[in-house]
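File shown here: start02.txt, holding compact mmCIF, C-alpha atoms.
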# COMPACT_ATOMS: atom_id res chain seq x y z
CA MET A 1 0.00 0.00 0.00
CA ALA A 2 2.72 2.46 0.98
CA VAL A 3 4.43 1.87 -2.35
CA ILE A 4 1.33 2.27 -4.50
CA GLU A 5 -0.08 5.35 -2.79
CA PRO A 6 2.46 8.00 -3.90
CA LYS A 7 2.08 6.77 -7.46
CA MET A 8 -1.67 7.18 -7.37
CA VAL A 9 -1.41 10.66 -5.91
CA ALA A 10 1.21 11.62 -8.50
CA ALA A 11 -0.99 10.33 -11.32
CA ALA A 12 -3.92 12.38 -10.02
CA GLY A 13 -2.02 15.63 -10.46
CA PRO A 14 -1.37 18.56 -8.07
CA THR A 15 -5.04 19.85 -7.78
CA ARG A 16 -6.33 16.41 -7.03
CA ARG A 17 -3.55 16.00 -4.50
CA ALA A 18 -4.50 19.27 -2.72
CA ARG A 19 -8.13 18.17 -2.59
CA VAL A 20 -7.14 14.86 -0.99
CA ILE A 21 -5.11 16.74 1.62
CA VAL A 22 -8.00 19.14 2.35
CA PHE A 23 -10.43 16.23 2.68
CA GLY A 24 -7.97 14.49 4.95
CA LEU A 25 -7.63 17.55 7.17
CA VAL A 26 -11.39 18.06 7.34
CA ALA A 27 -11.86 14.40 8.23
CA ILE A 28 -9.27 14.62 11.04
CA LEU A 29 -10.88 17.83 12.30
CA LEU A 30 -14.38 16.28 12.35
CA LEU A 31 -13.06 13.20 14.09
CA GLY A 32 -11.34 15.35 16.71
CA LEU A 33 -14.50 17.38 17.22
CA GLY A 34 -16.51 14.18 17.66
CA VAL A 35 -14.08 12.88 20.26
CA LEU A 36 -14.23 16.21 22.11
CA ILE A 37 -18.06 16.20 22.16
CA ALA A 38 -18.11 12.58 23.33
CA MET A 39 -15.57 13.38 26.06
CA SER A 40 -17.46 16.41 27.33
CA ALA A 41 -20.69 14.40 27.39
CA TYR A 42 -18.93 11.67 29.33
CA ARG A 43 -17.55 14.22 31.76
CA ASP A 44 -21.07 15.60 32.31
CA ASP A 45 -22.31 12.13 33.19
CA GLY A 46 -19.41 11.48 35.52
CA GLY A 47 -19.91 14.86 37.16
CA ALA A 48 -23.59 14.09 37.79
CA VAL A 49 -22.76 10.94 39.74
CA GLN A 50 -19.90 12.51 41.69
CA GLY A 51 -21.26 15.95 42.51
CA SER A 52 -24.93 16.57 41.95
CA GLY A 53 -26.09 12.91 42.11
CA PRO A 54 -28.88 11.58 44.29
CA GLY A 55 -28.75 12.69 47.90
CA GLY A 56 -28.52 15.95 49.79
CA ALA A 57 -30.14 17.82 52.60
CA PHE A 58 -33.45 16.69 54.07
CA THR A 59 -35.41 17.03 57.29
CA LEU A 60 -37.87 14.34 58.37
CA THR A 61 -39.44 12.94 61.55
CA ASP A 62 -38.90 9.50 63.10
CA PRO A 63 -41.56 7.41 64.93
CA ALA A 64 -40.55 8.92 68.29
CA GLY A 65 -41.17 12.40 66.90
CA ARG A 66 -37.48 13.28 66.66
CA THR A 67 -36.12 15.27 63.75
CA VAL A 68 -33.81 13.28 61.49
CA THR A 69 -31.72 15.03 58.84
CA ASP A 70 -29.07 13.95 56.34
CA GLN A 71 -26.53 14.96 59.02
CA THR A 72 -28.10 12.56 61.56
CA LEU A 73 -27.43 9.66 59.18
CA ARG A 74 -23.77 10.60 58.60
CA GLY A 75 -21.11 8.21 59.89
CA LYS A 76 -22.84 5.00 58.86
CA PRO A 77 -23.78 3.77 55.38
CA TYR A 78 -27.45 3.30 54.73
CA ALA A 79 -29.89 1.52 52.43
CA ILE A 80 -32.95 3.66 51.84
CA PHE A 81 -36.31 2.70 50.40
CA PHE A 82 -39.36 4.86 49.68
CA GLY A 83 -42.90 3.48 50.02
CA PHE A 84 -46.09 3.63 52.06
CA THR A 85 -47.79 1.33 54.57
CA ARG A 86 -50.86 0.82 52.39
CA CYS A 87 -48.67 -0.86 49.78
CA PRO A 88 -49.34 -4.54 50.50
CA ASP A 89 -46.92 -6.03 48.03
CA VAL A 90 -43.64 -4.42 46.96
CA CYS A 91 -43.06 -2.56 50.24
CA PRO A 92 -43.27 -5.51 52.68
CA THR A 93 -41.47 -7.71 50.16
CA THR A 94 -38.61 -5.23 49.82
CA LEU A 95 -38.36 -4.58 53.55
CA SER A 96 -38.41 -8.35 54.15
CA ARG A 97 -35.60 -8.71 51.65
CA MET A 98 -33.55 -6.08 53.48
CA THR A 99 -34.23 -7.85 56.79
CA GLN A 100 -33.13 -11.14 55.28
CA LEU A 101 -29.94 -9.63 53.81
CA ARG A 102 -29.02 -8.15 57.16
CA LYS A 103 -29.55 -11.48 58.93
CA GLN A 104 -27.36 -13.25 56.39
CA MET A 105 -24.56 -10.75 57.01
CA GLY A 106 -24.43 -11.57 60.72
CA ALA A 107 -22.63 -8.93 62.81
CA GLN A 108 -21.74 -7.00 59.66
CA GLY A 109 -25.44 -6.54 59.03
CA MET A 110 -25.54 -3.90 61.74
CA LYS A 111 -22.80 -1.83 60.09
CA TYR A 112 -25.34 -0.01 57.96
CA ASN A 113 -28.75 1.48 58.61
CA ILE A 114 -31.95 0.51 56.86
CA VAL A 115 -34.14 3.55 56.23
CA PHE A 116 -37.76 3.54 55.13
CA VAL A 117 -39.37 6.80 54.05
CA SER A 118 -43.15 6.92 53.74
CA VAL A 119 -44.21 9.14 50.86
CA ASP A 120 -47.78 9.05 52.19
CA PRO A 121 -47.76 11.51 55.12
CA GLY A 122 -51.49 12.08 54.58
CA HIS A 123 -52.09 8.57 55.89
CA ASP A 124 -48.90 7.35 57.58
CA LYS A 125 -48.24 9.09 60.88
CA PRO A 126 -44.72 8.69 62.36
CA ALA A 127 -46.02 6.36 65.12
CA ASP A 128 -47.84 4.19 62.51
CA ILE A 129 -44.62 3.81 60.57
CA GLY A 130 -42.86 2.74 63.75
CA ASN A 131 -45.52 0.10 64.46
CA TYR A 132 -45.32 -1.15 60.90
CA LEU A 133 -41.53 -1.46 60.92
CA THR A 134 -41.56 -3.33 64.25
CA LEU A 135 -43.12 -6.27 62.37
CA PHE A 136 -39.85 -6.89 60.54
CA GLY A 137 -37.93 -7.68 63.71
CA THR A 138 -34.81 -5.66 62.88
CA PRO A 139 -34.09 -1.98 63.54
CA ILE A 140 -35.32 0.08 60.60
CA ILE A 141 -35.34 3.88 60.71
CA GLY A 142 -38.83 4.94 59.66
CA LEU A 143 -39.24 8.49 58.46
CA THR A 144 -41.85 10.79 57.05
CA GLY A 145 -42.59 14.50 57.08
CA THR A 146 -44.80 17.22 55.77
CA ASP A 147 -45.67 17.28 52.07
CA ALA A 148 -42.97 19.91 51.60
CA GLN A 149 -40.37 17.79 53.42
CA ILE A 150 -41.29 14.73 51.35
CA ALA A 151 -41.02 16.86 48.22
CA GLN A 152 -37.55 18.00 49.35
CA ILE A 153 -36.09 14.53 49.90
CA THR A 154 -37.69 12.89 46.86
CA LYS A 155 -36.41 15.71 44.66
CA ALA A 156 -32.90 15.53 46.15
CA TYR A 157 -32.83 11.75 45.88
CA GLY A 158 -34.41 11.69 42.42
CA VAL A 159 -37.21 9.44 43.64
CA TYR A 160 -40.32 9.26 41.51
CA PHE A 161 -43.65 9.07 43.29
CA ARG A 162 -47.12 10.19 42.36
CA GLN A 163 -50.48 10.13 44.09
CA VAL A 164 -53.12 8.61 41.84
CA PRO A 165 -56.78 9.13 42.72
CA VAL A 166 -58.94 6.00 42.67
CA GLU A 167 -62.69 5.49 42.83
CA GLY A 168 -64.34 6.52 46.07
CA GLY A 169 -62.19 9.57 46.76
CA ASP A 170 -59.18 7.55 47.89
CA TYR A 171 -55.74 7.44 46.28
CA THR A 172 -52.90 5.05 45.65
CA ILE A 173 -49.24 5.91 45.15
CA ASP A 174 -47.00 4.96 42.25
CA HIS A 175 -43.42 4.92 43.45
CA MET A 176 -39.89 3.90 42.61
CA ALA A 177 -39.29 0.40 43.95
CA GLY A 178 -35.47 0.36 43.98
CA ILE A 179 -33.30 0.51 47.07
CA MET A 180 -30.66 3.25 47.13
CA LEU A 181 -27.33 2.71 48.84
CA PHE A 182 -25.44 5.64 50.40
CA ASP A 183 -21.98 5.61 51.96
CA ARG A 184 -21.06 6.85 55.43
CA ASN A 185 -20.51 10.38 54.05
CA GLY A 186 -24.00 10.54 52.60
CA ARG A 187 -22.76 10.05 49.04
CA PHE A 188 -24.81 7.91 46.68
CA ALA A 189 -23.09 4.57 45.98
CA GLU A 190 -25.46 2.57 43.80
CA MET A 191 -28.93 1.16 43.34
CA MET A 192 -29.96 -2.25 44.68
CA ASP A 193 -32.79 -4.18 43.10
CA GLY A 194 -35.09 -5.95 45.56
CA THR A 195 -35.54 -8.84 43.14
CA GLU A 196 -31.92 -9.43 42.12
CA PRO A 197 -30.15 -12.58 43.38
CA ILE A 198 -29.35 -12.43 47.10
CA ALA A 199 -25.62 -12.94 46.44
CA VAL A 200 -25.51 -9.83 44.23
CA SER A 201 -27.13 -7.72 46.97
CA LEU A 202 -24.80 -9.16 49.62
CA THR A 203 -21.79 -8.16 47.51
CA ARG A 204 -23.13 -4.62 47.15
CA LEU A 205 -23.73 -4.28 50.89
CA ARG A 206 -20.31 -5.69 51.84
CA LYS A 207 -18.69 -3.25 49.44
CA LEU A 208 -20.75 -0.41 50.93
CA ILE A 209 -19.75 -1.07 54.54
CA SER A 210 -16.05 -1.56 53.68
CA ALA A 211 -15.87 1.64 51.58
CA MET B 1 -44.81 -52.59 68.41
CA THR B 2 -47.77 -51.56 66.29
CA ARG B 3 -48.61 -48.68 68.58
CA ARG B 4 -45.25 -47.09 67.79
CA PHE B 5 -46.38 -46.74 64.21
CA ILE B 6 -50.06 -46.06 64.75
CA ILE B 7 -49.56 -42.93 66.84
CA PRO B 8 -47.30 -41.09 64.39
CA ILE B 9 -49.52 -42.11 61.49
CA ALA B 10 -52.65 -40.95 63.30
CA LEU B 11 -50.93 -37.66 64.16
CA SER B 12 -49.87 -37.10 60.58
CA PHE B 13 -53.49 -37.50 59.46
CA LEU B 14 -54.58 -34.99 62.04
CA THR B 15 -52.23 -32.36 60.66
CA ILE B 16 -53.23 -32.76 57.02
CA PRO B 17 -56.42 -30.66 57.04
CA ALA B 18 -54.58 -27.81 58.77
CA THR B 19 -51.70 -27.63 56.31
CA ALA B 20 -53.56 -28.36 53.07
CA GLN B 21 -55.73 -25.24 53.33
CA GLU B 22 -57.98 -26.14 50.45
CA PHE B 23 -61.51 -24.95 49.87
CA LYS B 24 -63.74 -26.46 47.18
CA LYS B 25 -67.01 -25.58 45.59
CA ASN B 26 -68.39 -27.01 42.35
CA ASN B 27 -65.44 -26.93 39.98
CA LEU B 28 -63.39 -24.42 41.89
CA THR B 29 -60.56 -25.30 44.27
CA ILE B 30 -59.04 -22.51 46.31
CA ALA B 31 -55.63 -23.31 47.70
CA LYS B 32 -53.47 -21.64 50.35
CA PRO B 33 -55.31 -18.42 51.04
CA TRP B 34 -53.09 -16.13 53.11
CA THR B 35 -52.52 -12.57 54.17
CA ARG B 36 -49.72 -10.71 55.91
CA GLN B 37 -49.84 -9.59 59.50
CA THR B 38 -50.40 -5.86 59.90
CA ALA B 39 -49.55 -3.30 62.56
CA ALA B 40 -51.77 -0.75 64.25
CA GLY B 41 -52.26 2.16 61.89
CA GLN B 42 -52.00 0.05 58.76
CA SER B 43 -55.41 0.35 57.14
CA VAL B 44 -55.06 -2.28 54.42
CA GLY B 45 -53.97 -5.89 54.04
CA GLY B 46 -53.26 -7.98 50.97
CA GLY B 47 -54.92 -11.32 50.24
CA PHE B 48 -53.29 -14.08 48.22
CA MET B 49 -54.47 -17.50 47.01
CA SER B 50 -54.67 -19.78 44.04
CA ILE B 51 -58.07 -20.48 42.42
CA ALA B 52 -58.21 -23.50 40.09
CA ASN B 53 -61.15 -24.06 37.75
CA SER B 54 -61.58 -27.67 36.58
CA SER B 55 -64.69 -26.95 34.52
CA LYS B 56 -64.86 -26.30 30.78
CA THR B 57 -66.45 -22.92 31.40
CA ALA B 58 -64.61 -19.84 32.55
CA ASP B 59 -65.72 -18.15 35.74
CA THR B 60 -65.16 -14.69 37.19
CA LEU B 61 -64.30 -13.64 40.70
CA VAL B 62 -66.79 -10.79 40.86
CA SER B 63 -66.52 -9.43 44.37
CA ALA B 64 -65.63 -10.27 47.94
CA THR B 65 -66.49 -9.25 51.48
CA SER B 66 -64.83 -9.80 54.82
CA PRO B 67 -65.94 -8.99 58.36
CA ALA B 68 -62.34 -7.85 58.97
CA ALA B 69 -62.49 -4.96 56.50
CA GLN B 70 -64.82 -2.21 55.39
CA LYS B 71 -64.50 -3.33 51.80
CA VAL B 72 -62.59 -5.77 49.64
CA GLU B 73 -61.04 -4.79 46.31
CA PHE B 74 -59.06 -6.53 43.64
CA HIS B 75 -55.84 -4.86 42.57
CA SER B 76 -53.21 -5.30 39.94
CA MET B 77 -49.55 -4.62 40.61
CA THR B 78 -47.19 -3.82 37.80
CA MET B 79 -43.56 -2.82 37.66
CA ASP B 80 -42.70 -0.48 34.84
CA GLY B 81 -39.19 0.95 34.56
CA GLY B 82 -38.61 0.49 38.29
CA ILE B 83 -41.89 2.18 39.19
CA MET B 84 -44.46 0.18 41.16
CA ARG B 85 -48.05 0.81 40.18
CA MET B 86 -51.08 -0.58 41.98
CA ARG B 87 -54.55 -0.17 40.51
CA PRO B 88 -58.04 -1.37 41.42
CA VAL B 89 -59.35 -3.84 38.85
CA PRO B 90 -62.98 -3.13 38.01
CA GLY B 91 -65.29 -5.89 36.80
CA GLY B 92 -63.64 -8.76 38.65
CA LEU B 93 -60.90 -11.22 37.80
CA PRO B 94 -61.29 -14.05 35.27
CA VAL B 95 -60.76 -17.67 36.32
CA PRO B 96 -60.04 -19.42 33.00
CA ALA B 97 -61.70 -22.73 32.07
CA GLY B 98 -59.38 -25.57 33.01
CA GLY B 99 -56.97 -22.97 34.33
CA ARG B 100 -56.02 -21.01 37.40
CA LEU B 101 -56.19 -17.53 38.79
CA ASP B 102 -53.15 -16.86 40.94
CA LEU B 103 -53.40 -14.02 43.42
CA LYS B 104 -49.84 -13.52 44.58
CA PRO B 105 -47.24 -10.90 45.42
CA GLY B 106 -46.09 -9.23 42.24
CA GLY B 107 -49.40 -9.71 40.42
CA PHE B 108 -53.13 -9.53 41.07
CA HIS B 109 -54.11 -9.51 44.72
CA ILE B 110 -57.01 -8.95 47.05
CA MET B 111 -57.01 -5.76 49.13
CA LEU B 112 -58.74 -5.71 52.48
CA VAL B 113 -59.46 -1.99 52.70
CA GLY B 114 -60.28 -0.32 56.01
CA LEU B 115 -59.12 -3.02 58.43
CA LYS B 116 -61.20 -2.98 61.59
CA GLN B 117 -58.24 -4.23 63.63
CA PRO B 118 -54.68 -5.34 62.88
CA LEU B 119 -54.32 -8.79 61.33
CA ALA B 120 -52.58 -10.79 64.05
CA LEU B 121 -50.03 -13.46 63.23
CA GLY B 122 -51.45 -17.00 63.24
CA ARG B 123 -55.09 -15.92 63.09
CA ARG B 124 -57.47 -16.75 60.27
CA VAL B 125 -59.47 -14.08 58.49
CA PRO B 126 -62.70 -15.15 56.82
CA ILE B 127 -63.36 -13.80 53.37
CA THR B 128 -66.37 -14.57 51.20
CA LEU B 129 -65.64 -14.67 47.49
CA ARG B 130 -68.45 -14.28 44.99
CA PHE B 131 -68.04 -15.97 41.62
CA GLN B 132 -70.30 -15.37 38.64
CA ARG B 133 -71.00 -19.09 38.11
CA ALA B 134 -69.90 -20.94 41.24
CA GLY B 135 -71.61 -18.54 43.63
CA THR B 136 -70.10 -17.70 46.99
CA ILE B 137 -67.28 -19.50 48.80
CA THR B 138 -65.98 -18.51 52.21
CA VAL B 139 -62.31 -19.21 52.78
CA GLN B 140 -60.00 -18.45 55.68
CA LEU B 141 -56.94 -16.32 55.01
CA LYS B 142 -54.12 -17.53 57.21
CA VAL B 143 -52.26 -14.58 58.71
CA GLU B 144 -48.58 -15.14 57.93
CA SER B 145 -45.57 -13.15 59.10
CA VAL B 146 -44.73 -9.95 57.27
CA THR B 147 -41.61 -11.60 55.82
CA PHE B 148 -43.53 -14.66 54.58
CA GLY B 149 -42.52 -15.76 51.10
CA THR B 150 -39.16 -14.01 51.22
CA GLU B 151 -37.62 -16.18 53.93
CA GLY B 152 -35.27 -19.02 53.14
CA GLY B 153 -33.20 -17.33 50.48
CA HIS B 154 -35.60 -17.39 47.54
CA GLY B 155 -34.39 -14.87 45.03
CA ARG B 156 -37.67 -14.28 43.29
CA HIS B 157 -41.35 -14.77 43.92
Take the structure in the file and write it out as structure tokens.
Amino acid sequence: MAVIEPKMVAAAGPTRRARVIVFGLVAILLLGLGVLIAMSAYRDDGGAVQGSGPGGAFTLTDPAGRTVTDQTLRGKPYAIFFGFTRCPDVCPTTLSRMTQLRKQMGAQGMKYNIVFVSVDPGHDKPADIGNYLTLFGTPIIGLTGTDAQIAQITKAYGVYFRQVPVEGGDYTIDHMAGIMLFDRNGRFAEMMDGTEPIAVSLTRLRKLISA
Amino acid sequence: MTRRFIIPIALSFLTIPATAQEFKKNNLTIAKPWTRQTAAGQSVGGGFMSIANSSKTADTLVSATSPAAQKVEFHSMTMDGGIMRMRPVPGGLPVPAGGRLDLKPGGFHIMLVGLKQPLALGRRVPITLRFQRAGTITVQLKVESVTFGTEGGHGRH
């Protein structure tokens, strides 16, 4: 190839040769531009996870009526799940899964907190949430707050939830079913799926408490 | 010698009706009806069971009532892009001919709405189901622990 190329260029004449060079330069320029755009996009993504990812300031109330903020939770990693006590399916199943994971981890299971936030303050009073969580037989921090406080934490944590009216004047709540893992400094680590294999979740939690 | 065998055998027979938890009417067999224990302040409970229809005609679970709740609804549960959605199902739930309607976590379920008192572990909660063809059947929902179905390391349900 290297031998043939100069011959071909020479046969094409000087104008043709200039055009090839211009095309070549343009191609290199476009390629470079593409790489730059891709890199900046990548950096934006990375920045979102590092800096402005899920998490941040919040103020809520625990079953004993005490105020719990993001600062209260500092110093220990935590697994947080958003739901409501009138959810008879995903919520107890997910909380049961978290209970089971903790039991399987033995003493290490107490090296992180389990946090449940009710996004239904209209129905779930702090004491009700406490009673509900007692059923699981392991310490779970149950939190809720005013509508504004719930709006604050769900926005900061990027948690989708929506009240949906149903017949008879009542409502149900659509909500994100994933479990979010945060490190001891309150930084988002990763998501945990309540239906993934137990071993996968155990690996995530062990990584979280050793980080 | 024989008594050593007779007693365990007799005891095993005694325990069968309690563990089988089957209710039959006409061509319908309802197996393992259960609910989860609830705490004070929890106003709803879920109901789960399997309804088998051995007839050649489909049936429909039209409605239900229970003395434990103000009303009984049927709900669907769907997961869509990580979002859990629960909706009342109007018009009842079909029980296919020669098939089964499974009410279980992660799918259709019964909702006991407006619990009159918490569902206590180990108790049985009567619920009367009304079918379009088979008529009414009263079954007892066994109140299981809140972690029931997720114990023992099962990955999925």
Open item on the list: I need the contact residues of chain B against chain A, so if you could list those with any atom within 9 Å, counting only C-alpha atoms, and return them as an NGL selection string, that would help.
Closed with: :B and (36-47 or 77 or 79 or 81-88 or 104-107 or 109 or 111 or 145-157)
Please identify all polymer residues within 8 Å of Phe48 of chain B, counting all atoms listed in the file, omitting same-chain residues fewer than 3 positions from it, and present them as a compact mmCIF listing (two decimals) with C-alpha atoms, keeping the file's coordinate frame.
# COMPACT_ATOMS: atom_id res chain seq x y z
CA LYS B 32 -53.47 -21.64 50.35
CA PRO B 33 -55.31 -18.42 51.04
CA TRP B 34 -53.09 -16.13 53.11
CA THR B 35 -52.52 -12.57 54.17
CA ASP B 102 -53.15 -16.86 40.94
CA LEU B 103 -53.40 -14.02 43.42
CA LYS B 104 -49.84 -13.52 44.58
CA PRO B 105 -47.24 -10.90 45.42
CA HIS B 109 -54.11 -9.51 44.72
CA ILE B 110 -57.01 -8.95 47.05
So which residues touch Thr144 of chain A within 9 Å, counting all atoms listed in the file, skipping near sequence neighbours fewer than 3 positions away, as an mmCIF file with C-alpha atoms, in the frame of the given file?
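Here's the written file result.cif:
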data_model
loop_
_atom_site.group_PDB
_atom_site.id
_atom_site.type_symbol
_atom_site.label_atom_id
_atom_site.label_comp_id
_atom_site.auth_asym_id
_atom_site.auth_seq_id
_atom_site.Cartn_x
_atom_site.Cartn_y
_atom_site.Cartn_z
ATOM 1 C CA THR A 59 -35.410 17.030 57.290
ATOM 2 C CA LEU A 60 -37.870 14.340 58.370
ATOM 3 C CA THR A 61 -39.440 12.940 61.550
ATOM 4 C CA ASP A 62 -38.900 9.500 63.100
ATOM 5 C CA PRO A 63 -41.560 7.410 64.930
ATOM 6 C CA PHE A 116 -37.760 3.540 55.130
ATOM 7 C CA VAL A 117 -39.370 6.800 54.050
ATOM 8 C CA SER A 118 -43.150 6.920 53.740
ATOM 9 C CA VAL A 119 -44.210 9.140 50.860
ATOM 10 C CA ASP A 120 -47.780 9.050 52.190
ATOM 11 C CA PRO A 121 -47.760 11.510 55.120
ATOM 12 C CA ASP A 124 -48.900 7.350 57.580
ATOM 13 C CA LYS A 125 -48.240 9.090 60.880
ATOM 14 C CA PRO A 126 -44.720 8.690 62.360
ATOM 15 C CA ILE A 129 -44.620 3.810 60.570
ATOM 16 C CA GLN A 149 -40.370 17.790 53.420
ATOM 17 C CA ILE A 150 -41.290 14.730 51.350
#
Open item on the list: So the first atom is atom CA of Gly75 of chain A and the second is atom CA of Val200 of chain A; what is the distance between them in Å, to one decimal place?
Closed with: 24.3 Å
Open item on the list: Env of segment 68-74 of chain B: 8 Å cut, atoms = only C-alpha atoms, seq-sep filter 5 positions within chain, self excluded. Answer as an NGL selection string.
Closed with: :B and (63 or 88-90 or 92-93 or 108-117 or 125-126)
Open item on the list: What's the separation between atom CA of Phe131 of chain B and atom CA of Glu144 of chain B, in Å to one decimal place?
Closed with: 25.4 Å
TODO: Step by step: start from the point (-21.7, 5.7, 56.5) in the file's coordinates, keep every protein, DNA or RNA residue that has an atom no farther than 10 Å from it, count only C-alpha atoms, and write the set as a list in words.
DONE: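 Counting only C-alpha atoms, I find these residues within 10 Å of (-21.7, 5.7, 56.5): Leu73, Arg74, Gly75, Lys76, Pro77, Tyr78, Lys111, Tyr112, Asn113, Leu181, Phe182, Asp183, Arg184, Asn185, Gly186, Arg187, Leu208, Ile209, Ser210 and Ala211 of chain A.
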TODO: Would you mind reading off the distance between atom CA of Arg100 of chain B and atom CA of Gln140 of chain B, one decimal, in Å?
DONE: 18.9 Å
TODO: Return the single residue from A:Ile153, A:Ala107, A:Ile114, A:Leu205 that is closest to Ile141 of chain A, with distances computed using all atoms listed in the file.
DONE: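 Answer, going by the shortest atom-to-atom distance: A:Ile114.
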Open item on the list: Taking all atoms listed in the file into account, name the residue in A:Ile179, A:Gln163, A:Phe188, A:Arg66 that is nearest to Asp147 of chain A.
Closed with: A:Gln163
Open item on the list: Restricting the calculation to only C-alpha atoms: of B:Val62, B:Met49, B:His75, B:Ser55, which residue gets closest to Asn26 of chain B?
Closed with: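 Distance minimum relative to Asn26 of chain B lands on B:Ser55.
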Open item on the list: Give me the residues near Asn53 of chain B as a PyMOL selection string, where near means some atom within 7 Å (using all atoms listed in the file) and where sequence neighbours in that chain fewer than 3 positions away do not count.
Closed with: chain B and resi 27-29+95-100
